[in-house]
Each structure stands twice: as C-alpha cells, then as structure tokens.
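Contents: one structure, followed by commentary.
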Amino acid sequence: MSLISVAIDGPAGAGKSTIARKVAQELGCLYVDTGAIYRTVGLYALRKGADPKNEGEVVPLLEELKVEMQVESDGIQHMYLNGEDVTAQIREPEISRCASAVSALPPVRAFLLDMQRELARTRSVVMDGRDIGTVVLPDATVKIFLTASPEVRAMRRWKELREKGNTDTYEEVLRDVIQRDYDDSHRAIAPLRQAEDAVLADTSELDLEESIQLLLNIVKERQ
C-alpha cells in the first residue's frame with residue numbers, strides 16, 4: 001500500500017489537533033501535531049529566559065535542545081524536551097504565544113523542517129500546523145485548510161481552559177485568538193495561508209463528530 005500524507009493547516013483554535021488525531025485514527029495513519037513541536041521549543045526558550053522573538057537569544061538554545069515525539073499507549077502524541085515529557089506544560093496560553101514567536105524565526109523552522117518531512121517519508125501521516133501544505137509537505141496527497149470564525153474558536157478555547165481551572169475571561173481569550181491570527185498571517189517567514197490546492201473546511205456550524213466526518217469525506221474524495 002502506498003503512503004499517503006494529509007496536510008491540515010488553519011488558524012489557532014480551529015480544532016486541528018483534536019480533529020486531525022481522530023482522522024488519523026480512522027485512516028490508520030500517524031498523527032503529527034507540528035504545533036506541539038514548536039510549543040516545545042517555545043517552552044524551552046521561556047524556561048531559559050530568552051525573548052522568543054529574538055533570533056539572537058533563541059538560536060543558541062537549539063544546540064542544547066532535543067525535541068522528540070512519541071505516540072504512547074494512550075494513543076496520544078507526547079512531546080519530550082531533553083528527555084522530559086512536557087505534553088501538559090506546552091498547552092498553557094503563555095506557551096502558545098511563545099510558539100507563535102519562535103516559529104517565525106527562520107533558523108528554528110529549518111531546525112525542525114527535516115524532522116517533520118522525515119516522518120512523512122517513512123509513514124502515512126496526518127500532519128497539522130500553519131504551513132504544512134504550503135511549505136512542509138507541498139506535495140501532500142490531500143491538503144485541507146481547517147477554520148472557524150474567531151468567535152467560535154475563542155468560545156471553544158475558553159471552555160477548554162475553564163475546565164482546566166484557568167480564569168481567563170472569554171474576552172481575553174478572543175483578543176488572544178485575534179492577535180494570534182494576525183501574527184501568524186503577517187509574519188515574514190511561512191505565514192499562515194491557504195494553499196492554492198487545499199480544500200477549505202469551515203467548522204463554525206459543525207460539532208466535533210460532524211467536523212471529523214467532513215475531513216474524512218474530503219480525504220476519501222481526494223485520494
């Protein structure tokens with residue numbers, strides 16, 4: 001059976017990780033959350049007191065940084081930072097902002113690009129991020145741009161954070177989502193944009209199961 005690659009791009013809070021993981025399970029593919037990889041680098045920069053937007057402060061850290069991805073028995077992708085499982089820590093809102101900043105640095109992207117491409121060379125993958133279809137896997141079998149309105153994405157994120165005990169208000173989360181959208185789409189290196197041959201999937205009016213089915217239908221039609 002030939003390998004397939006499904007590239008799922010889209011803005012923060014579109015549900016890429018949750019939906020892509022389920023789609024990968026249905027297709028029997030390896031799920032790769034590239035955002036988690038950048039979050040891991042962002043976490044390390046934060047721990048080291050480096051400005052995540054400052055290339056001169058972040059790049060030297062790459063020499064001492066070992067990022068690994070492992071799918072554990074729970075079926076979830078775990079991220080390891082120099083041997084430490086940081087899967088939970090990288091989901092904090094502060095790390096989200098750091099991830100956006102470090103991912104805009106060309107040396108960081110180059111550092112992680114081969115790691116991401118190698119996974120797709122050796123396995124059938126469902127990979128999500130900001131520039132998978134445009135930069136990381138330009139020849140992906142199927143490309144999907146997954147999105148939803150900022151308000152819907154902020155509400156989903158706010159409910160998720162509230163369940164974890166976070167006290168941020170919906171308005172604060174919405175401002176964060178809008179700022180992240182602006183930062184990701186206006187950065188000079190690999191900005192967030194829909195690939196010309198990607199299928200647009202808007203889930204603003206869909207629940208989780210409907211969103212998963214939508215993407216599965218797109219993949220089956222395009223394979």
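Convention: chains lettered A, B, ... in structure tokens order; per-chain residue numbering from 1; ligands numbered from 1 as shown.
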From stretch 1-162 of chain A, collect each residue whose DSSP state is strand (DSSP E or B) and return the set as a count of residues only.
-> 32
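Near stretch 160-171 of chain A, within a cut-off of 10 Å and counting only C-alpha atoms, sit the residues Arg91, Glu92, Pro93, Glu151, Ala154, Met155, Arg156, Arg157, Leu174, Arg175, Asp176 and Val177 of chain A, with same-chain residues fewer than 3 positions away left out.
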- request: Compile the contact shell of stretch 110-112 of chain A as a PyMOL selection string: residues with an atom at most 9 Å away, counting only C-alpha atoms, same-chain residues fewer than 3 positions apart removed.
  value: chain A and resi 37-38+62+67+105-107+115-117
Name all residues at most 8 Å from stretch 119-126 of chain A (count only C-alpha atoms; drop same-chain ones fewer than 3 positions away) and give them as a PyMOL selection string. chain A and resi 3-8+20-21+23-24+29-32+115-116
Can you spit out the residues from that selection as a short mmCIF file (atom, residue, chain, number, x, y, z; two decimals), in the first residue's frame, using N, CA, C and O atoms?
```cif
data_model
loop_
_atom_site.label_atom_id
_atom_site.label_comp_id
_atom_site.auth_asym_id
_atom_site.auth_seq_id
_atom_site.Cartn_x
_atom_site.Cartn_y
_atom_site.Cartn_z
N LEU A 3 2.14 5.14 0.51
CA LEU A 3 2.00 6.08 1.61
C LEU A 3 1.11 7.25 1.20
O LEU A 3 1.13 7.67 0.05
N ILE A 4 0.35 7.76 2.16
CA ILE A 4 -0.42 8.97 1.91
C ILE A 4 -0.04 10.02 2.95
O ILE A 4 0.40 9.69 4.05
N SER A 5 -0.22 11.27 2.58
CA SER A 5 0.05 12.37 3.52
C SER A 5 -1.11 13.35 3.43
O SER A 5 -1.52 13.76 2.34
N VAL A 6 -1.66 13.67 4.60
CA VAL A 6 -2.76 14.61 4.70
C VAL A 6 -2.26 15.84 5.44
O VAL A 6 -1.86 15.74 6.61
N ALA A 7 -2.24 16.98 4.77
CA ALA A 7 -1.76 18.23 5.37
C ALA A 7 -2.96 19.07 5.79
O ALA A 7 -3.80 19.42 4.97
N ILE A 8 -3.04 19.37 7.09
CA ILE A 8 -4.14 20.16 7.61
C ILE A 8 -3.59 21.46 8.21
O ILE A 8 -2.88 21.43 9.21
N ALA A 20 -7.62 16.26 13.64
CA ALA A 20 -6.58 15.54 12.89
C ALA A 20 -6.24 14.21 13.56
O ALA A 20 -6.00 13.21 12.88
N ARG A 21 -6.21 14.19 14.89
CA ARG A 21 -5.91 12.95 15.61
C ARG A 21 -6.96 11.88 15.31
O ARG A 21 -6.65 10.72 15.06
N VAL A 23 -9.02 11.79 12.69
CA VAL A 23 -8.93 11.44 11.27
C VAL A 23 -7.79 10.44 11.05
O VAL A 23 -7.94 9.46 10.31
N ALA A 24 -6.66 10.68 11.70
CA ALA A 24 -5.51 9.78 11.58
C ALA A 24 -5.88 8.37 12.09
O ALA A 24 -5.51 7.36 11.47
N CYS A 29 -3.28 6.22 10.07
CA CYS A 29 -2.06 7.00 9.83
C CYS A 29 -1.43 7.47 11.14
O CYS A 29 -2.09 7.50 12.18
N LEU A 30 -0.18 7.87 11.05
CA LEU A 30 0.49 8.51 12.19
C LEU A 30 0.03 9.96 12.26
O LEU A 30 0.06 10.67 11.26
N TYR A 31 -0.39 10.39 13.44
CA TYR A 31 -0.78 11.79 13.62
C TYR A 31 0.43 12.60 14.08
O TYR A 31 1.11 12.22 15.03
N VAL A 32 0.69 13.71 13.40
CA VAL A 32 1.82 14.58 13.75
C VAL A 32 1.31 15.99 14.02
O VAL A 32 0.84 16.68 13.11
N MET A 115 12.93 17.14 10.45
CA MET A 115 12.28 16.21 11.39
C MET A 115 10.85 15.91 10.92
O MET A 115 10.41 14.76 10.92
N GLN A 116 10.14 16.96 10.50
CA GLN A 116 8.76 16.79 10.07
C GLN A 116 8.67 16.05 8.73
O GLN A 116 7.83 15.16 8.56
#
```
For stretch 53-57 of chain A, list every protein, DNA or RNA residue within 12 Å, evaluated using only C-alpha atoms, and leave out those in the same chain fewer than 4 positions away; present the list as an mmCIF file with C-alpha atoms, in the first residue's frame.
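And here's out-v6.cif as it stands now:
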```cif
data_model
loop_
_atom_site.group_PDB
_atom_site.id
_atom_site.type_symbol
_atom_site.label_atom_id
_atom_site.label_comp_id
_atom_site.auth_asym_id
_atom_site.auth_seq_id
_atom_site.Cartn_x
_atom_site.Cartn_y
_atom_site.Cartn_z
ATOM 1 C CA GLY A 42 8.820 27.902 22.922
ATOM 2 C CA TYR A 44 12.454 25.855 26.383
ATOM 3 C CA ALA A 45 13.016 29.472 25.357
ATOM 4 C CA LEU A 46 10.716 30.614 28.155
ATOM 5 C CA LYS A 48 15.814 29.844 29.649
ATOM 6 C CA GLY A 49 14.568 33.418 29.946
ATOM 7 C CA LEU A 61 19.485 27.307 22.523
ATOM 8 C CA LEU A 62 18.912 24.957 19.575
ATOM 9 C CA ARG A 97 2.306 32.904 22.327
ATOM 10 C CA CYS A 98 5.918 31.734 22.623
ATOM 11 C CA ALA A 99 5.319 29.059 19.978
ATOM 12 C CA SER A 100 3.986 31.635 17.529
ATOM 13 C CA ALA A 101 7.064 33.800 18.117
ATOM 14 C CA VAL A 102 9.745 31.099 17.774
ATOM 15 C CA SER A 103 8.023 29.597 14.737
ATOM 16 C CA ALA A 104 8.546 32.900 12.917
ATOM 17 C CA LEU A 105 12.346 32.536 13.204
ATOM 18 C CA PRO A 106 13.930 31.015 10.045
ATOM 19 C CA PRO A 107 16.648 29.034 11.915
ATOM 20 C CA VAL A 108 14.023 27.413 14.140
ATOM 21 C CA ARG A 109 11.916 26.415 11.143
ATOM 22 C CA ASP A 183 0.740 37.393 13.993
ATOM 23 C CA ARG A 187 4.894 37.043 9.685
#
```
